[in-house]
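*Asks:* Structure file coords_28.csv (CSV, C-alpha atoms and all ligand atoms) right here:
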```csv
chain,number,residue,atom,x,y,z
B,1,MET,CA,12.1,2.6,11.9
B,2,ASN,CA,13.1,5.9,13.2
B,3,ILE,CA,11.3,8.5,11.0
B,4,LYS,CA,13.5,11.6,10.7
B,5,ASN,CA,11.7,13.1,7.8
B,6,ALA,CA,9.2,12.4,5.1
B,7,ALA,CA,8.4,14.5,2.0
B,8,HIS,CA,6.5,14.3,-1.2
B,9,GLU,CA,9.1,13.9,-3.8
B,10,ILE,CA,7.2,13.7,-7.1
B,11,THR,CA,4.0,12.9,-8.8
B,12,ALA,CA,4.5,10.7,-11.8
B,13,VAL,CA,2.6,9.0,-14.6
B,14,LYS,CA,5.4,7.9,-16.9
B,15,PRO,CA,8.7,6.2,-16.1
B,16,ASN,CA,10.7,9.2,-17.3
B,17,GLN,CA,9.0,11.1,-14.4
B,18,TYR,CA,10.1,8.6,-11.7
B,19,PRO,CA,12.8,9.7,-9.3
B,20,VAL,CA,16.4,8.9,-10.4
B,21,THR,CA,17.9,8.8,-6.9
B,22,GLY,CA,18.3,5.1,-6.9
B,23,PHE,CA,16.5,4.7,-3.5
B,24,SER,CA,14.6,1.5,-2.7
B,25,GLU,CA,10.8,1.6,-3.0
B,26,ILE,CA,7.9,0.0,-1.2
B,27,ALA,CA,4.6,0.4,-3.2
B,28,PHE,CA,1.0,0.4,-2.0
B,29,ALA,CA,-1.6,-1.2,-4.2
B,30,GLY,CA,-5.3,-1.8,-3.5
B,31,ARG,CA,-8.9,-0.8,-4.3
B,32,SER,CA,-9.8,2.8,-4.4
B,33,ASN,CA,-10.8,4.0,-0.9
B,34,VAL,CA,-9.2,1.2,1.0
B,35,GLY,CA,-6.8,3.6,2.6
B,36,LYS,CA,-3.5,3.5,0.7
B,37,SER,CA,-2.8,7.2,1.1
B,38,SER,CA,-4.0,7.1,4.8
B,39,ILE,CA,-1.6,4.3,5.7
B,40,ILE,CA,1.3,6.2,4.2
B,41,ASN,CA,0.4,9.1,6.5
B,42,THR,CA,0.1,6.9,9.5
B,43,LEU,CA,3.4,5.1,8.8
B,44,VAL,CA,5.3,8.4,8.7
B,45,ASN,CA,3.3,10.0,11.4
B,46,ARG,CA,2.0,12.8,9.3
B,47,LYS,CA,-1.6,14.0,9.0
B,48,SER,CA,-1.9,14.9,5.4
B,49,LEU,CA,1.4,14.2,3.5
B,50,ALA,CA,-0.6,12.0,1.1
B,51,ARG,CA,-4.0,13.3,0.0
B,52,VAL,CA,-6.8,11.3,1.6
B,53,GLY,CA,-10.3,11.5,0.0
B,54,SER,CA,-13.8,10.7,1.0
B,55,THR,CA,-14.6,10.3,-2.7
B,56,PRO,CA,-12.9,7.2,-4.2
B,57,GLY,CA,-10.4,7.8,-6.9
B,58,LYS,CA,-8.5,10.5,-5.1
B,59,THR,CA,-5.1,9.3,-6.1
B,60,ARG,CA,-4.9,9.1,-9.9
B,61,GLN,CA,-1.2,9.2,-10.4
B,62,ILE,CA,1.8,7.7,-8.7
B,63,ASN,CA,3.1,9.7,-5.7
B,64,PHE,CA,6.6,9.1,-4.4
B,65,PHE,CA,7.2,9.9,-0.7
B,66,SER,CA,10.8,9.9,0.4
B,67,VAL,CA,11.5,8.8,4.0
B,68,ASN,CA,14.7,9.7,5.7
B,69,GLU,CA,16.2,10.6,2.3
B,70,ASN,CA,16.8,6.9,2.0
B,71,PHE,CA,13.8,5.1,0.5
B,72,TYR,CA,10.3,5.8,-1.0
B,73,LEU,CA,6.8,4.8,0.0
B,74,VAL,CA,4.9,4.8,-3.3
B,75,ASP,CA,1.2,5.5,-3.5
B,76,LEU,CA,-0.3,3.9,-6.5
B,77,PRO,CA,-3.7,4.8,-8.1
B,78,GLY,CA,-6.6,2.7,-6.7
B,79,TYR,CA,-8.4,0.2,-8.8
B,80,GLY,CA,-12.0,-1.2,-8.8
B,81,PHE,CA,-13.7,2.2,-8.6
B,82,ALA,CA,-17.0,1.5,-10.4
B,83,SER,CA,-18.1,4.9,-11.6
B,84,VAL,CA,-15.2,5.8,-13.9
B,85,SER,CA,-15.1,5.3,-17.6
B,86,LYS,CA,-13.5,2.3,-19.3
B,87,GLU,CA,-10.8,4.5,-20.7
B,88,MET,CA,-10.0,5.9,-17.3
B,89,LYS,CA,-9.7,2.4,-15.8
B,90,ALA,CA,-7.5,1.3,-18.6
B,91,SER,CA,-5.3,4.3,-18.1
B,92,TRP,CA,-4.9,3.6,-14.4
B,93,SER,CA,-4.1,0.0,-14.8
B,94,ASN,CA,-1.6,0.9,-17.4
B,95,ILE,CA,0.0,3.4,-15.0
B,96,ILE,CA,0.2,0.6,-12.3
B,97,GLU,CA,1.4,-2.1,-14.7
B,98,THR,CA,4.1,0.2,-16.2
B,99,TYR,CA,5.4,1.1,-12.8
B,100,LEU,CA,5.6,-2.4,-11.5
B,101,TYR,CA,7.2,-3.6,-14.7
B,102,SER,CA,9.9,-0.9,-14.8
B,103,ARG,CA,10.7,-1.1,-11.1
B,104,LYS,CA,10.5,-4.8,-10.3
B,105,GLU,CA,14.1,-5.6,-11.1
B,106,ASN,CA,16.0,-2.9,-9.3
B,107,PHE,CA,14.2,-0.6,-6.9
B,108,LEU,CA,10.9,-2.3,-5.8
B,109,LYS,CA,11.6,-4.2,-2.6
B,110,MET,CA,8.0,-5.0,-1.7
B,111,VAL,CA,4.4,-4.3,-2.8
B,112,VAL,CA,1.8,-4.0,-0.1
B,113,LEU,CA,-1.6,-5.2,-1.2
B,114,LEU,CA,-4.0,-3.3,1.0
B,115,VAL,CA,-7.5,-4.9,1.5
B,116,ASP,CA,-10.5,-4.0,3.7
B,117,ILE,CA,-10.6,-6.3,6.7
B,118,ARG,CA,-14.4,-6.3,6.6
B,119,HIS,CA,-14.8,-7.7,3.1
B,120,SER,CA,-13.6,-10.7,1.2
B,121,PRO,CA,-10.9,-9.7,-1.4
B,122,SER,CA,-12.6,-8.7,-4.7
B,123,LYS,CA,-11.9,-10.1,-8.1
B,124,ASP,CA,-9.6,-7.2,-8.8
B,125,ASP,CA,-7.7,-7.9,-5.5
B,126,ILE,CA,-7.2,-11.5,-6.5
B,127,THR,CA,-6.1,-10.5,-10.0
B,128,MET,CA,-3.6,-8.0,-8.5
B,129,TYR,CA,-2.2,-10.5,-6.0
B,130,GLN,CA,-1.7,-13.1,-8.7
B,131,TRP,CA,-0.2,-10.6,-11.0
B,132,LEU,CA,2.3,-9.4,-8.3
B,133,LYS,CA,3.3,-13.0,-7.6
B,134,GLY,CA,3.6,-13.7,-11.3
B,135,PHE,CA,6.1,-10.8,-11.5
B,136,GLY,CA,8.0,-12.5,-8.7
B,137,LEU,CA,7.5,-9.5,-6.4
B,138,LYS,CA,7.7,-9.8,-2.7
B,139,THR,CA,4.2,-8.9,-1.3
B,140,LEU,CA,2.7,-8.1,2.1
B,141,ILE,CA,-1.0,-8.2,2.7
B,142,ILE,CA,-2.4,-5.6,5.1
B,143,ALA,CA,-6.0,-5.7,6.2
B,144,ASN,CA,-7.0,-2.2,6.9
B,145,LYS,CA,-9.9,-0.5,8.8
B,146,ALA,CA,-9.7,-3.0,11.7
B,147,ASP,CA,-11.2,-0.3,14.0
B,148,LYS,CA,-14.5,-1.0,12.2
B,149,ILE,CA,-14.8,-4.5,13.6
B,150,THR,CA,-14.5,-6.0,17.0
B,151,ARG,CA,-11.3,-7.6,18.3
B,152,GLY,CA,-13.0,-11.0,18.2
B,153,GLN,CA,-13.9,-10.6,14.5
B,154,ILE,CA,-10.3,-9.9,13.5
B,155,ASN,CA,-9.0,-13.5,13.3
B,156,PRO,CA,-12.0,-14.9,11.4
B,157,ARG,CA,-11.8,-12.1,8.9
B,158,ILE,CA,-8.0,-12.6,8.4
B,159,ASN,CA,-8.7,-16.3,7.8
B,160,ASP,CA,-11.3,-15.5,5.2
B,161,ILE,CA,-8.8,-13.2,3.4
B,162,ARG,CA,-6.1,-15.9,3.5
B,163,LYS,CA,-8.5,-18.4,2.0
B,164,VAL,CA,-9.8,-16.2,-0.8
B,165,LEU,CA,-6.3,-15.1,-1.8
B,166,GLN,CA,-5.1,-18.7,-1.4
B,167,LEU,CA,-2.1,-17.7,0.6
B,168,ASP,CA,0.7,-20.0,1.6
B,169,GLY,CA,1.2,-20.6,5.3
B,170,ASP,CA,4.3,-18.4,5.4
B,171,GLU,CA,2.6,-15.3,4.0
B,172,LYS,CA,1.4,-12.8,6.5
B,173,VAL,CA,-1.8,-10.8,6.7
B,174,ILE,CA,-1.4,-7.9,9.1
B,175,PRO,CA,-4.5,-6.4,10.6
B,176,PHE,CA,-4.1,-2.6,10.6
B,177,SER,CA,-6.0,0.6,11.4
B,178,THR,CA,-5.0,4.1,10.4
B,179,SER,CA,-7.4,5.3,13.0
B,180,ASN,CA,-5.9,3.6,16.1
B,181,ARG,CA,-2.5,2.6,14.6
B,182,LEU,CA,-3.0,-1.1,15.2
B,183,GLY,CA,-0.3,-3.0,13.3
B,184,LEU,CA,2.1,-0.1,12.9
B,185,GLU,CA,5.1,-1.8,14.6
B,186,GLN,CA,4.5,-5.0,12.8
B,187,VAL,CA,4.4,-3.3,9.4
B,188,TRP,CA,7.6,-1.3,10.1
B,189,ALA,CA,9.3,-4.6,11.2
B,190,GLU,CA,8.5,-6.1,7.8
B,191,PHE,CA,9.6,-3.0,5.9
B,192,ASP,CA,12.9,-2.8,8.0
B,193,ASN,CA,13.5,-6.4,6.9
B,194,VAL,CA,13.3,-5.8,3.1
B,195,LEU,CA,15.0,-2.4,3.4
B,196,ASN,CA,17.9,-3.9,5.3
B,197,VAL,CA,17.6,-1.4,8.1
B,198,THR,CA,20.0,-2.0,10.9
B,199,GLY,CA,19.3,-2.0,14.7
B,200,GLU,CA,20.6,1.6,15.2
B,201,GLU,CA,18.3,3.0,12.5
B,202,GLN,CA,15.3,1.1,13.9
B,203,LYS,CA,15.3,2.9,17.2
B,204,ALA,CA,12.4,5.3,17.6
B,301,LIG,N1,-12.3,3.9,10.0
B,301,LIG,C1,-11.2,3.9,9.2
B,301,LIG,N2,-11.2,4.7,8.1
B,301,LIG,C2,-10.1,4.7,7.3
B,301,LIG,C3,-9.0,3.9,7.6
B,301,LIG,N3,-8.0,4.1,6.6
B,301,LIG,C4,-8.6,5.0,5.8
B,301,LIG,N4,-9.8,5.3,6.1
B,301,LIG,C5,-10.7,6.3,5.4
B,301,LIG,O1,-11.0,5.7,4.1
B,301,LIG,C6,-11.2,6.8,3.2
B,301,LIG,C7,-10.3,6.5,2.0
B,301,LIG,O2,-8.9,6.7,2.4
B,301,LIG,P1,-7.7,7.0,1.3
B,301,LIG,O3,-6.5,6.9,2.1
B,301,LIG,O4,-8.0,8.2,0.6
B,301,LIG,O5,-7.9,5.7,0.3
B,301,LIG,P2,-7.0,5.4,-1.0
B,301,LIG,O6,-6.9,3.9,-1.0
B,301,LIG,O7,-5.8,6.2,-1.0
B,301,LIG,O8,-8.1,5.8,-2.1
B,301,LIG,P3,-7.7,6.2,-3.7
B,301,LIG,O9,-6.7,7.3,-3.6
B,301,LIG,O10,-9.1,6.6,-4.2
B,301,LIG,O11,-7.2,5.0,-4.3
B,301,LIG,C8,-10.9,8.1,3.9
B,301,LIG,O12,-12.1,8.6,4.3
B,301,LIG,C9,-10.1,7.6,5.1
B,301,LIG,O13,-10.2,8.5,6.2
B,301,LIG,C10,-9.0,3.1,8.8
B,301,LIG,O14,-8.0,2.3,9.2
B,301,LIG,N5,-10.1,3.1,9.6
B,302,MG,MG,-5.2,7.7,-2.3
```
Let me see whether you can do it: turn the structure in this file into structure tokens.
Ligand SMILES: Nc1nc2c(ncn2[C@@H]2O[C@H](COP(=O)(O)OP(=O)(O)OP(=O)(O)O)[C@@H](O)[C@H]2O)c(=O)[nH]1
Ligand SMILES: [Mg+2]
*Replies:*
Amino acid sequence: MNIKNAAHEITAVKPNQYPVTGFSEIAFAGRSNVGKSSIINTLVNRKSLARVGSTPGKTRQINFFSVNENFYLVDLPGYGFASVSKEMKASWSNIIETYLYSRKENFLKMVVLLVDIRHSPSKDDITMYQWLKGFGLKTLIIANKADKITRGQINPRINDIRKVLQLDGDEKVIPFSTSNRLGLEQVWAEFDNVLNVTGEEQKA
């Protein structure tokens, strides 16, 4: 993908706040602090388009980032953050569920489930994955923070993630790092595919 421009379009909580441009969307789901906002910045080659936090729970609403005035990368609130109230958790999962439900038919081309390559997927990750599949959504698993392990540890960790999520043979898990940009090309190739980007537009 040739990134010509990227911009924060809107922060939304409810469907009547979502953009009405009709662009396709790719959404990022995952535990709080796994790097959803960071990966969006890395993908569009911007330092701080999406707000990154050292304290988990940074992104509490849905942020739509437009790319090339053609599609959106959608930053969803993180789940599984222990030290928030029950009410807050319920509100976040309601925000995510409402988004997925209202966008799955028309706009949402793929949901990235971002996991931490160092750890086995959590109960929440498994639930989210099964939920996405249940909705009939196309998913891509990305295993982030690969810079934190050695090259030799990457494959065993990917295999563990596959096993815990019970993935089919044709489902990919892409190792990624927002620090050293490992996996960047591979992720864009997957996105180009679902966004129907042609050869001309792919050129960097
Ligand atoms: N070493 C390393 N750190 C990363 C990587 N990706 C993200 N981080 C760090 O992880 C922390 C959390 O990143 P965020 O992008 O804010 O995570 P998030 O998933 O958006 O978190 P919430 O908004 O709370 O849901 C930040 O300190 C990032 O710098 C990575 O690939 N490698
Ligand atoms: Mg975030």
*Asks:* Given a cut-off of 12 Å, what residues near ligand MG 302 (chain B) show up using all atoms listed in the file, put as an MDAnalysis selection string?
*Replies:* chainID B and resid 28:41 48:63 74:79 81 114
*Asks:* When you count all atoms listed in the file, which of these residues is closest to Lys89 in chain B: B:Asn193, B:Leu132, B:Asp124, B:Val187?
*Replies:*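 Ranking B:Asn193, B:Leu132, B:Asp124, B:Val187 by distance to Lys89 in chain B, first place goes to B:Asp124.
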*Asks:* Using only C-alpha atoms for the distances, tell me which of B:Arg103, B:Ile142, B:Ile3, B:Val84 is nearest to Val20 in chain B.
*Replies:*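 Of B:Arg103, B:Ile142, B:Ile3, B:Val84, the one nearest Val20 in chain B, counting only C-alpha atoms, is B:Arg103.
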*Asks:* Using all atoms listed in the file, which residue out of B:Glu185, B:Asp147, B:Glu9, B:Asp116 lies closest to ligand LIG 301 (chain B)?
*Replies:* B:Asp147
*Asks:* From the options B:Val115, B:Met128, B:Met1, B:Ile161, which residue's atoms come nearest to Ile96 in chain B, counting all atoms listed in the file?
*Replies:*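 Looking only at the distances to Ile96 in chain B, the closest residue turns out to be B:Met128.
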*Asks:* Tell me, as a PyMOL selection string, which residues lie within 6 Å of Thr139 in chain B, counting only C-alpha atoms; anything in the same chain fewer than 2 positions away does not count.
*Replies:* chain B and resi 110-112
*Asks:* Taking into account only C-alpha atoms and all ligand atoms, which residue in the set B:Phe71, B:Phe135, B:Phe107, B:Trp92 is nearest to ligand LIG 301 (chain B)?
*Replies:*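 Closest to ligand LIG 301 (chain B) of all the choices is B:Trp92.
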*Asks:* Find the residue from B:Asn16, B:Ser179, B:Thr21, B:Asn155 that sits nearest to ligand LIG 301 (chain B); use only C-alpha atoms and all ligand atoms when measuring.
*Replies:* B:Ser179
*Asks:* As an exercise, work out the distance from CA of Thr11 in chain B to CA of Phe64 in chain B in Å and give it to one decimal place.
*Replies:* 6.4 Å
*Asks:* Figure out the distance between CA of Ile149 in chain B and atom C4 of ligand LIG 301 (chain B), please, to one decimal in Å.
*Replies:*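 Between these atoms lies a distance of 13.8 Å.
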*Asks:* What is the CA of Asn2 in chain B to CA of Ala27 in chain B distance in Å?
*Replies:*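 These atoms are spaced 19.3 Å apart.
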*Asks:* Determine, counting all atoms listed in the file, which protein, DNA and RNA residues have an atom within 12 Å of an atom of Pro156 in chain B; residues of the same chain fewer than 4 positions away are not included. Present the result as a PyMOL selection string.
*Replies:* chain B and resi 117-120+149-152+160-163+173+175
*Asks:* Would you mind exporting the chosen residues as a compact mmCIF listing (two decimals), keeping the file's coordinate frame, restricted to C-alpha atoms?
*Replies:*
```txt
# COMPACT_ATOMS: atom_id res chain seq x y z
CA ILE B 117 -10.60 -6.30 6.70
CA ARG B 118 -14.40 -6.30 6.60
CA HIS B 119 -14.80 -7.70 3.10
CA SER B 120 -13.60 -10.70 1.20
CA ILE B 149 -14.80 -4.50 13.60
CA THR B 150 -14.50 -6.00 17.00
CA ARG B 151 -11.30 -7.60 18.30
CA GLY B 152 -13.00 -11.00 18.20
CA ASP B 160 -11.30 -15.50 5.20
CA ILE B 161 -8.80 -13.20 3.40
CA ARG B 162 -6.10 -15.90 3.50
CA LYS B 163 -8.50 -18.40 2.00
CA VAL B 173 -1.80 -10.80 6.70
CA PRO B 175 -4.50 -6.40 10.60
```
